[in-house]
Each structure stands twice: as structure tokens, then as C-alpha cells.
Amino acid sequence: MNSSHWPPKFFLRFFRWFCHPKLRDHIEGDLLETYTEHATAVGKRKADIKFIIDVLLLFRPGIIKPVEGYKNLNNYGMIKSYFNIASRVIVRNKFHSAINVFGLTLGIAFALLMSIFIYGEMQIDQQLKDIDRLYFVEEKYDDAVVGWPAGLLTKEAVTQYPTIFESYYRFVDRSVTISKGEKHFRTQTLIGDSTFFKMFGLKILNGDLNSALTQPNSIVITEAVARQYFDRSDAIGETLSVYTERLGSKEYKITAVIANPQKKNSVTDFMNQDGNVFLPMENLKDFFSDYNTDSWNVNVISYLKLKSGASRQQASDVLNSLFKKNSPSNDLSHRSVNLNPLKTYYLTTNNSAVKKLLVSLAAIAVFILLLAIVNFINISIASSFSRLKEVGVRKVMGGLKNQVAVQFLCESLLLSLISGVIALLLYEFMHTYFGNVLGSPLPSVTGFKSIFWLVISGGILMIGLLARLYPSIYLALSNPIESLKGKFNPVRGTIQFSRGLISTQFTVTLFIFVVSIVHSQQVNFFLNKDLGYDKSRVLIVQSVPRVYSDEGFQKAESAKLEFERLSCVQKATLSWGAPGWNLSPVGGKIYTVGKSPEEGVQTDLSSVDEDYLNVFQIKMLEGKFISGGGKNYRQQELVINETAQKSLRVKVGDKVKSSIFGEFEFTVIGVMKDFNYESLHEKVKPIAFMHNRDFSVYRYLSFKLNNGSLTESIQQIEKAWKQIFPNDPLSYSFAEARLEALYTTELQMKKGSSIATALMLLIVVTGVLGLVSLSVSKRSKEIGIRKVLGASVSKILIMISKEYVWLMLLSFTLGTPLAFWFATSWLHGFAFHIDLTWWMFAVPFAIVFVITLLTVSLHSLKTAVANPVDSLRSE
Amino acid sequence: MGIIQFHDFIPTFRKIVITVKKYQLGEFEEIVILTIGVLYKGAYGVSIRKEIESRLSRSVSMGALHTALVRLEDKGYIKSFDGEATVERMGRPKKYFQITALGKRAMEYSKDTRNELWSAIPKMALNPKIVSV
């Protein structure tokens with residue numbers, strides 16, 4: 001080429017400088033081609049000018065190289081390729097991908113449900129203001145919590161030690177009927193101090209919280225109650241008539257409406273009572289003639305708030321010295337006051353029942369996730385054989401070890417991502433159902449906090465990484481020459497590792513299975529054990545209007561007689577409590593006359609009437625039950641239970657005294673057979689019964705219903721109720737349902753563990769399925785040869801299953817002692833418990849064994865019956 | 001190992017935007033892509049320029065043409081492959097362009113919308129007498 005045909009060097013260089021390198025060569029080619037053409041056609045000068053114009057017009061965005069640089073500074077392309085290959089591999093191995101996704105989805109969804117539930121339970125009470133400084137005050141006898149402290153204790157503590165204590169709150173709860181016009185509802189009411197709202201930081205909607213409960217005859221309600229009566233939340237200035245036990249119906253003025261408190265909490269929902277209405281302490285006299293909470297003799301539910309900076313120890317010391325100085329109790333060396341932090345109260349109350357439930361559910365969720373991950377690992381290891389050539393090719397082409405590892409990690413990340421998304425969808429569909437099962441509503445996916453999303457995505461990433469870490473490293477380390485030759489020398493220990501994982505899976509599954517069976521047997525035992533009384537067809541009505549005066553009591557008694565006339569009612573009884581239902585309001589020491597109170601026995605005391613025995617079908621051992629009615633009725637008679645008789649060592653006819661009643665003497669007229677009036681977590685305690693009339697108190701009206709339709713009976717009672725108590729709603733429960741409520745956490749656990757067992761079985765079986773299909777496809781030639789040489793189908797099936805049989809036997813020998821030890825120590829926590837029997841271990845093993853073998857044989861059957869020609873033929 | 005930078009995602013992002021906005025084809029881009037179609041296998045910078053200049057008798061600068069080509073390629077309407085290096089080009093390779101399936105759809109879409117518009121015009125509107133009144 002003639003040098004005279006070269007375009008102006010400067011502009012060419014300029015062009016080469018600014019142009020994007022990807023475009024440079026061919027645009028330059030275009031420029032030069034045009035230039036050459038022009039130069040020959042119209043001469044060099046004109047061509048030069050045209051060239052310059054072209055170059056200048058090329059100087060525009062899109063052609064100019066980017067300022068940030070143009071080289072591929074990252075492996076975006078490589079990353080894209082990782083995911084491309086990964087998705088192809090996933091699609092190619094549909095069966096195994098499906099097994100992996102299935103297991104992981106179940107695992108993640110279950111773990112998600114459990115962790116959201118656990119999170120919700122942990123959040124209970126945490127919304128209360130200054131939760132770190134709030135304490136629940138308990139009175140202890142030796143090491144056992146026996147009840148609430150004296151009413152004056154917390155009040156005195158705050159007035160005398162203002163540097164340590166900030167405020168106190170005490171309340172007495174009443175279930176009352178509140179009416180407005182024709183609307184009557186039974187509502188749990190807390191009659192308490194005016195410090196309430198400020199102390200717990202409850203949110204106010206209308207009114208002034210500081211003065212809300214300071215005036216007598218004022219009433220504070222929650223938004224829910226306001227809507228119930230007025231269909232709006234702003235109900236300030238309205239009045240509600242409350243049916244008080246002493247004064248009958250009385251008007252109270254609404255001074256504030258508060259936002260609905262958290263569904264579960266340890267203040268308004270203390271002991272699941274769900275308090276929605278709040279009255280000032282001054283109005284306690286409307287309910288009780290003689291109940292002074294500012295006294296050292298009366299025990300009241302009390303809360304304390306410490307000053308910030310005050311230590312619990314310091315506060316506890318001060319409280320105890322105050323208690324010892326003032327308490328009239330005569331066994332002060334045994335008694336003490338304890339500050340129980342409200343922060344952990346919900347979890348630790350009732351012998352840490354909730355905490356135990358949460359820990360077990362968390363453990364189960366982790367186990368299930370682990371099982372799913374183990375499936376993943378096992379299938380990856382087993383299928384790595386078929387990928388070995390690919391790894392070899394990658395390495396030969398210059399792939400680095402970590403690139404190969406990343407390739408495999410990408411696959412598992414993609415799988416866990418898919419599973420995560422499906423699991424979230426599953427959660428969205430299942431959360432209402434599980435909320436019902438677990439007894440607390442779970443939020444929808446859209447209600448998740450950002451922190452949840454962070455944890456969930458982190459968790460999914462973690463699972464993806466964990467599941468493939470081992471196989472990917474192990475594949476990355478494989479020798480390319482060996483793998484390309486098709487020789488597969490498994491890294492030493494891989495098969496053992498994989499077998500170890502399977503036996504761990506089996507062990508965990510068997511363990512959970514056994515524990516779940518033992519657990520549900522124990523719960524069934526709770527619900528079906530002969531409790532010493534008959535709980536069937538017993539209806540307990542809670543909403544009898546409570547007027548605690550002679551007149552009110554008579555009215556209640558005549559109402560009882562009216563109900564007894566109904567054809568569906570066999571017998572009715574008025575009592576303070578019912579079995580499993582707060583039977584005893586008070587307890588004190590009972591001692592035989594002539595002995596000192598210290599020698600007495602702590603005995604619960606309850607009041608009943610003469611028909612109690614008939615309604616609940618409790619048997620008498622000796623003597624007679626409290627006699628009812630008119631002339632036969634004598635005061636100062638006691639009936640005790642067997643336990644009380646044994647520990648008191650009294651006979652029928654002996655005279656005893658009670659620390660509650662001072663110098664009054666009571667005659668023991670009868671001994672009842674023991675019945676479990678509390679939950680079966682505890683042994684039967686000594687209890688004594690007196691007649692309602694001795695106190696003129698009653699709370700529940702219980703009916704023993706005749707055989708016949710329950711709905712009809714209830715309708716009949718409802719009809720009669722409307723005539724007898726027109727101003728009170730009827731609220732009732734069956735004794736059997738109430739009994740279940742005693743075992744809420746156990747029932748939750750039972751449901752949780754049976755679902756978990758089913759899930760685990762599913763995951764393990766799919767895992768085994770995946771492994772078997774891989775090993776069968778790997779061994780199809782071997783099976784063909786065996787068949788040619790005369791092996792029968794059953795022999796081949798046995799050969800394939802043998803491995804799993806050994807693994808299961810190993811897991812059984814490992815898992816059984818573990819489960820035995822765990823179940824024994826768990827059962828020892830209950831006063832009444834079942835005995836472990838052999839079938840509780842044998843049945844789970846048999847089920848796992850049969851299901852696994854069925855899976856293995858069914859899947860390998862196809863290969864075993866196949867014509868060996870197909871597998872042996874080489875193409 | 002490098003860091004993924006934002007501009008690496010711009011092409012992908014653009015693709016997404018384009019599919020959302022359906023087919024976007026500028027006037028000049030349309031001419032270019034049509035010309036690529038006309039030239040079939042011989043479409044590279046110089047030939048496209050010449051074709052447009054001769055057919056539409058308008059001058060096309062190298063800059064405008066190449067910008068349009070880059071945009072079309074980014075949108076995925078055309079794809080390119082390296083061709084031979086000739087003496088006139090002083091050894092620089094040619095880059096040939098070809099219409100992709102997406103590009104074909106974009107062209108059809110553009111043509112259809114035009115036809116639709118044409119057929120929607122009332123005949124009266126094109127009557128010069130009435131227009132002039």
C-alpha cells in the first residue's frame with residue numbers, strides 16, 4: 001500500500017485513543033477502507049478532510065471508551081457461567097434435584113415455622129416498658145413458691161425505699177358481667193392500683209392515663225371492649241354497669257381507653273386470664289365486704305419496678321427484711337420473698353414449661369434441617385462419580401481448584417435458593433394451620449420484619465454452603481488424570497463418611513420417633529388416667545353472678561335447685577373451684593388440737609356443697625361428706641382427702657385447727673379418696689373441704705348431665721339460664737376440655753413432635769431413595785453379570801438392602817440407649833408417669849425398617865428384574 | 001477475582017427495560033437494521049453506509065452509524081461476527097452484522113404499528129383539497 005494513502009496520523013491516533021477497544025479494530029478498518037476509496041476517487045486532500053470529519057463525528061458517547069475502564073475487572077462472566085452450568089445440571093438430574101429440593105423445602109419450612117413461633121414466644125412481655133426493671137413478687141416457703149406476697153409489702157417498699165423501688169402494682173382479679181343496654185358480656189377484670197398504665201407503659205388511645213384510675217368509680221377498658229359495647233374506640237365519658245358481688249349492678253364511668261395489649265403477656269393476661277377491664281383499687285369494696293389489700297395479712301398479686309441502677313439482690317434484701325419485720329406469719333424462718341424478673345417470667349414459670357417446649361422444638365427443627373442437609377451431602381457424594389470426568393476436563397482446560405469448588409457450591413446454592421422460595425410459599429400456606437396447632441397465631445410472610453429476611457436469606461445461604469462444602473472440596477481435589485481415565489479412586493473415607501451420615505440420620509429419626517411416642521403416650525395418660533373423679537358429661541359454668549352475701553348465696557342456691565329440675569341435669573353443685581380449675585383459693589396449716597401450728601401440715605382449703613361428691617363422682621373412704629341443707633347443716637365441719645389424713649394422722653371425729661382460722665376448731669367428719677385436683681405434673685396434695693355456707697362464697701355451678709345429646713342439654717340449660725339470670729351471659733366449659741388446657745404445652749409438643757416425626761421419616765426415606773437409585777444405576781452392569789451367572793431377583797434385592805439393614809441395626813443400637821436415657825429423665829419430671837415398655841422402641845424401629853426396606857426393594861426391583869442383556873450390551 | 005461493577009449490569013438491565021417497553025426502535029436505527037436486512041450477508045460498516053447513502057440519498061456519518069450499530073447490538077436486535085481483513089482495510093478485520101430473531105420481531109412490530117396507523121387515517125384527511133381549506 002502506498003504511503004501517500006495513509007490518513008492524517010494525528011487523527012488516526014486520536015481515534016485509536018478515544019475509541020472503545022472492542023469497536024476499535026473494525027471501525028478503524030471501515031475508516032481506512034472509506035479513506036482509501038475516497039483517496040483514489042477524489043484525491044488525498046479531500047479524503048483527508050472527510051476522514052477528519054468522520055473521526056470527529058465518531059467522538060461521541062457509545063464509541064468513546066468508558067471512563068471507568070473497559071477491561072473485565074471481574075468474573076461476572078464466570079459467575080454467570082457457574083449458574084448456567086448449575087441450572088443445567090439441576091435440570092438434567094431431575095430426580096435427585098427433586099429429592100434435594102423436597103427435603104430441603106420441608107426442612108426449611110419446618111425450621112421457619114418453628115423459629116417464627118419461638119421468636120414470638122420469646123417476644124412475650126418484652127414490649128412492656130422497662131422490662132428489665134420489672135419484677136413479679138412471689139412468696140416462698142423454703143424453696144417452693146407458695147403464692148403472692150402480703151398486700152402492703154410492695155407499697156411499703158416503694159414508700160420507704162424510694163431510691164430502690166420506683167413503683168408497684170397490685171391487682172385482684174374478678175370475672176364479672178358488664179352490661180350496656182342489652183349487651184352483656186362476661187369479662188375478666190383487674191381491680192388494681194392506679195400506677196398500672198404508667199408502670200407497664202401501656203399505650204393509651206383516649207383519656208389521661210395518669211389520672212385514669214385515681215378516681216373511684218372510674219373504669220378503663222381496652223379498645224376491643226370499647227368496640228364490643230360502643231362500636232367505636234372513643235368511649236370516654238360513657239358509663240358501663242358492672243355487676244358487683246356486694247352492691248349488685250353499679251355504674252362506672254369510662255376515663256380511658258387503652259390499646260389492646262399483646263395477646264399473651266404476664267400482666268393483663270396473667271395466668272391466661274385475659275383481663276380487659278380495669279377498676280381502681282378503691283372499688284374493691286364493691287366486691288368484697290372485708291378485703292383490705294393494704295394489710296400484712298392479705299396476699300395480693302404484686303409487681304415491682306426497680307429504679308434504674310438498683311440491683312435485684314439489693315432490692316430482694318430490702319424486701320425480705322421488710323417482710324420479716326412486719327409479717328404476722330409464725331413460721332418466718334421458712335418464708336421469704338422472691339423477685340422474679342418479668343423478662344423471663346413467661347418462659348420460666350410453671351417449672352420452665354414454655355422454655356422446655358421451645359428448646360425441644362428448636363432442637364427438632366435443627367434435627368430436621370440437619371437430616372435434609374445430610375440427604376443433600378449424601379446424594380452429592382454418590383453422584384460425584386458421574387461428575388468426575390467433567391471436573392477433569394475443567395481442570396485440564398485450566399480451571400482452578402477453587403473455581404471447581406465454586407461451581408459445585410453454586411449448584412447447591414441454587415438448589416437451596418429454590419427450596420427457600422418454595423419453603424416460604426409453603427409457610428405462607430401453612431402458617432394459619434400451624435398457628436392453630438401451636439396455639440399462637442403466626443405472622444404472614446408479608447408481616448416479616450427486615451431482620452427475619454436477613455436471617456432467612458443468611459440461613460438459606462448457609463445451608464447451601466454447608467450442604468456442598470465437603471463434596472465440592474473433595475471433587476476439587478481429585479486428580480484430573482485419574483478422573484479423565486475414568487478411574488475412580490474414591491478419596492479414602494468418603495464412603496465411610498457417607499455411611500456415617502446415613503446412620504446418623506437413622507439414629508436421629510429413631511430417637512425422635514421413640515421420644516415422640518413416649519411423649520404422646522404420656523399425654524394420653526394425662527388425659528385418660530383415672531383421676532379419682534369422673535370428668536365425663538360435666539359442664540362447668542363460670543358466669544354465675546357472684547354476690548357474696550347471705551342473700552346472694554341463697555339466690556345462687558335456689559338457682560341451683562331450679563337447674564336441677566331440668567330433665568338434662570342429673571345433679572348440680574355450687575363450689576369455689578372444680579378439679580383442674582383453681583380448686584383452692586387459700587392454703588394454711590392444719591394441725592390437731594393440742595399440737596403447735598408448726599407441727600401441722602400445709603393443706604389447701606376449698607369450699608363446696610353437699611352435691612359435689614355426686615357431680616364429680618368422688619368416692620368416700622370413711623365417714624360422710626359435708627351434709628347439705630337446713631337442719632342437718634352444722635358449721636365447723638371438714639372433709640379431708642386421703643393424703644391429708646395420712647400426713648395429719650387423724651381419724652374421723654378428731655378435732656383440728658387451721659392457721660387461717662386461728663382458734664376455731666373443726667371436726668373431721670369424713671375422708672375422701674384421693675383425686676387429682678391439679679395437673680398430673682404434681683402429686684396429690686393435702687386438701688380439706690368446707691361448706692360454701694361457712695363463707696357465703698361460690699364461683700362455679702357444675703352440672704352432671706344425663707345421657708343424651710349434649711347440644712340439646714346445652715340448649716336446655718341456656719334457655720333456663722335466660723330466665724333465671726337474664727342479665728348475665730352464660731359462659732361454660734366442659735371438665736374434659738378444661739383438663740386439656742392444663743396440658744397445653746404438652747399437647748403443643750405432642751402435635752409438634754408427631755409432625756416432626758412424619759417429616760423426618762419422609763426426608764430419610766427420600767434420602768435413601770436417592771442413594772439407592774444412584775447405587776443401583778452404578779451397579780447395573782454388576783447386577784446384570786450376577787443375573788447371567790444365576791442370581792435370583794430376591795438375592796439381588798437382599799444384596800442391595802444388606803447395607804441399609806446393617807446401618808439401621810447400628811443406629812438402633814446407638815439410638816435406643818440414648819432415647820431410653822432421655823425418655824427416662826424426662827418422665828421423671830412428672831409425679832405421675834407411664835412406664836417405658838419395649839414396644840415404644842420396637843415399633844419405631846420396625847416402622848423405619850419396613851419403610852426403608854420397602855423403598856430400597858421397590859426401587860431396585862426394576863433393575864433386578866430387568867433383562868441383563870440391556871445392561872450388559874455395549875453400544 | 002474482581003468486583004462486579006454496576007456498569008456490567010447495564011446491558012442486562014437495558015434488555016429488561018426494552019422487553020418491558022416492548023420493542024424500541026429509533027428512526028435511524030430502523031433504517032440501519034432494514035439495510036442490514038437488505039445486505040443480508042454482506043452487512044458491515046462501509047457497505048451499510050454506502051447502501052443507506054445510495055438508497056436514501058442522505059449522507060451518513062461513520063459516528064452516527066456505529067453508534068446505531070452499538071445500540072442495536074446492545075438491545076440484542078443484531079449480532080456481529082468478525083470477518084476477513086482486506087488490503088483496503090490495511091489488515092483491519094471487518095465486522096459483519098446479522099439480524100437476530102428479536103430484531104426481526106422488533107422490525108415487524110414497528111412495521112405493524114405503522115400500518116395500523118396508516119389504515120387508521122380517514123381517507124378524507126389525506127385529501128389535499130380538504131387539507132388545504
# chains A, B, ... in the order shown; residues from 1 in each chain; ligands from 1
call {"tool": "residues_around", "arguments": {"residues": "Leu861 (chain A)", "least_positions_apart": "2", "cutoff": "10 Å", "atoms": "only C-alpha atoms", "output": "ChimeraX atom specification"}}
result
/A:776,793-794,796-797,855-859,863-866
call {"tool": "write_last_selection", "arguments": {"atoms": "C-alpha atoms", "output": "compact mmCIF listing (two decimals), in the first residue's frame"}}
result
# COMPACT_ATOMS: atom_id res chain seq x y z
CA VAL A 776 -28.38 -49.22 41.51
CA VAL A 793 -34.15 -61.40 41.90
CA SER A 794 -34.54 -61.85 45.63
CA ILE A 796 -30.10 -59.18 44.27
CA LEU A 797 -32.62 -57.32 46.37
CA THR A 855 -38.26 -48.18 49.46
CA VAL A 856 -34.99 -49.89 48.68
CA SER A 857 -36.55 -53.03 47.23
CA LEU A 858 -39.26 -51.29 45.26
CA HIS A 859 -36.75 -49.01 43.68
CA THR A 863 -33.16 -53.08 37.83
CA ALA A 864 -33.28 -56.52 39.41
CA VAL A 865 -35.96 -57.86 37.10
CA ALA A 866 -34.55 -56.13 34.02
call {"tool": "residues_around", "arguments": {"residues": "Arg92 (chain B)", "least_positions_apart": "5", "cutoff": "10 Å", "atoms": "only C-alpha atoms", "output": "ChimeraX atom specification"}}
result
/A:24-33 /B:83-87
call {"tool": "atom_distance", "arguments": {"atom1": "CA of Asn692 (chain A)", "atom2": "CA of Val242 (chain A)"}}
result
24.1 Å
call {"tool": "interface_residues", "arguments": {"of": "chain A", "to": "chain B", "cutoff": "12 Å", "atoms": "only C-alpha atoms", "output": "ChimeraX atom specification"}}
result
/A:1-3,5-7,15,19-20,22-40,50-64,66-80,402-403
call {"tool": "atom_distance", "arguments": {"atom1": "CA of Gly767 (chain A)", "atom2": "CA of Asn375 (chain A)"}}
result
5.0 Å
call {"tool": "closest_residue", "arguments": {"among": "A:Asn340, A:Ser792, A:Ser444, A:Gln521", "to": "Lys305 (chain A)", "atoms": "only C-alpha atoms"}}
result
A:Asn340
call {"tool": "select_by_dssp", "arguments": {"residues": "region 11-156 of chain A", "states": "strand (DSSP E)", "output": "list in words"}}
result
Leu134, Tyr135, Phe136, Val137, Glu138, Glu139, Lys140, Tyr141, Ala144, Val145, Val146 and Gly147 of chain A
call {"tool": "write_last_selection", "arguments": {"atoms": "C-alpha atoms", "output": "mmCIF file, in the first residue's frame"}}
result
data_model
loop_
_atom_site.group_PDB
_atom_site.id
_atom_site.type_symbol
_atom_site.label_atom_id
_atom_site.label_comp_id
_atom_site.auth_asym_id
_atom_site.auth_seq_id
_atom_site.Cartn_x
_atom_site.Cartn_y
_atom_site.Cartn_z
ATOM 1 C CA LEU A 134 -39.954 -5.158 86.254
ATOM 2 C CA TYR A 135 -40.328 -7.951 88.754
ATOM 3 C CA PHE A 136 -43.059 -10.271 89.801
ATOM 4 C CA VAL A 137 -43.128 -10.718 93.564
ATOM 5 C CA GLU A 138 -43.555 -14.216 94.949
ATOM 6 C CA GLU A 139 -43.661 -15.623 98.436
ATOM 7 C CA LYS A 140 -41.638 -18.731 99.043
ATOM 8 C CA TYR A 141 -41.867 -21.408 101.659
ATOM 9 C CA ALA A 144 -41.157 -23.668 96.844
ATOM 10 C CA VAL A 145 -43.170 -20.744 95.561
ATOM 11 C CA VAL A 146 -46.387 -20.727 97.559
ATOM 12 C CA GLY A 147 -48.105 -17.613 96.328
#
call {"tool": "atom_distance", "arguments": {"atom1": "CA of Glu663 (chain A)", "atom2": "CA of Val593 (chain A)"}}
result
9.6 Å
call {"tool": "residues_around", "arguments": {"residues": "Trp838 (chain A)", "least_positions_apart": "5", "cutoff": "12 Å", "atoms": "only C-alpha atoms", "output": "ChimeraX atom specification"}}
result
/A:514,517-518,816,820,843-845
call {"tool": "write_last_selection", "arguments": {"atoms": "N, CA and C atoms", "output": "PDB file, in the first residue's frame"}}
result
ATOM      1  N   VAL A 514     -38.984 -42.409  68.897  1.00  0.00           N
ATOM      2  CA  VAL A 514     -39.216 -43.011  70.216  1.00  0.00           C
ATOM      3  C   VAL A 514     -39.694 -41.945  71.189  1.00  0.00           C
ATOM      4  N   ILE A 517     -43.194 -40.982  70.580  1.00  0.00           N
ATOM      5  CA  ILE A 517     -44.163 -41.993  71.027  1.00  0.00           C
ATOM      6  C   ILE A 517     -44.315 -41.950  72.541  1.00  0.00           C
ATOM      7  N   VAL A 518     -43.176 -41.907  73.230  1.00  0.00           N
ATOM      8  CA  VAL A 518     -43.232 -41.856  74.696  1.00  0.00           C
ATOM      9  C   VAL A 518     -44.014 -40.621  75.129  1.00  0.00           C
ATOM     10  N   THR A 816     -31.247 -46.394  70.725  1.00  0.00           N
ATOM     11  CA  THR A 816     -32.106 -46.872  71.802  1.00  0.00           C
ATOM     12  C   THR A 816     -31.641 -46.419  73.185  1.00  0.00           C
ATOM     13  N   PHE A 820     -33.720 -44.020  75.488  1.00  0.00           N
ATOM     14  CA  PHE A 820     -34.121 -44.560  76.785  1.00  0.00           C
ATOM     15  C   PHE A 820     -33.712 -43.599  77.893  1.00  0.00           C
ATOM     16  N   VAL A 843     -41.506 -50.542  67.987  1.00  0.00           N
ATOM     17  CA  VAL A 843     -42.409 -50.088  66.920  1.00  0.00           C
ATOM     18  C   VAL A 843     -41.735 -49.062  66.003  1.00  0.00           C
ATOM     19  N   PRO A 844     -41.090 -48.025  66.563  1.00  0.00           N
ATOM     20  CA  PRO A 844     -40.417 -47.084  65.648  1.00  0.00           C
ATOM     21  C   PRO A 844     -39.385 -47.775  64.780  1.00  0.00           C
ATOM     22  N   PHE A 845     -38.605 -48.682  65.398  1.00  0.00           N
ATOM     23  CA  PHE A 845     -37.585 -49.363  64.611  1.00  0.00           C
ATOM     24  C   PHE A 845     -38.236 -50.170  63.499  1.00  0.00           C
TER      25      PHE A 845
END
call {"tool": "residues_around", "arguments": {"residues": "Glu782 (chain A)", "least_positions_apart": "4", "cutoff": "10 Å", "atoms": "only C-alpha atoms", "output": "ChimeraX atom specification"}}
result
/A:776-778,786-788,868,871-872
call {"tool": "residues_around", "arguments": {"residues": "Ile618 (chain A)", "least_positions_apart": "4", "cutoff": "10 Å", "atoms": "only C-alpha atoms", "output": "list of chain:residue names"}}
result
A:Leu531, A:Gly532, A:Tyr533, A:Asp534, A:Tyr612, A:Leu613, A:Asn614, A:Met672, A:Lys673, A:Asp674, A:Phe675
call {"tool": "write_last_selection", "arguments": {"atoms": "C-alpha atoms", "output": "tab-separated table (two decimals), in the first residue's frame"}}
result
chain	number	residue	atom	x	y	z
A	531	LEU	CA	-58.17	-39.15	88.13
A	532	GLY	CA	-60.28	-40.29	91.01
A	533	TYR	CA	-63.25	-38.35	89.74
A	534	ASP	CA	-65.48	-38.59	86.71
A	612	TYR	CA	-70.08	-32.01	94.89
A	613	LEU	CA	-69.41	-35.67	95.51
A	614	ASN	CA	-72.27	-36.73	93.25
A	672	MET	CA	-62.37	-38.74	100.62
A	673	LYS	CA	-60.46	-40.94	98.28
A	674	ASP	CA	-57.59	-39.03	96.65
A	675	PHE	CA	-58.38	-37.41	93.35
call {"tool": "residues_around", "arguments": {"residues": "region 500-507 of chain A", "least_positions_apart": "3", "cutoff": "7 Å", "atoms": "only C-alpha atoms", "output": "list of chain:residue names"}}
result
A:Leu371, A:Val374, A:Gln496, A:Phe497, A:Leu510, A:Phe511, A:Val764, A:Leu807, A:Met808, A:Ser811, A:Phe812, A:Leu814, A:Gly815
call {"tool": "residues_around", "arguments": {"residues": "Ser713 (chain A)", "least_positions_apart": "4", "cutoff": "9 Å", "atoms": "only C-alpha atoms", "output": "list in words"}}
result
Ser567, Cys568, Val569, Leu705, Asn706, Gly708, Ser709, Ile717 and Glu718 of chain A
call {"tool": "select_by_dssp", "arguments": {"residues": "region 53-115 of chain B", "states": "helix (DSSP H, G or I)", "output": "PyMOL selection string"}}
result
chain B and resi 53-56+62-75+101-115
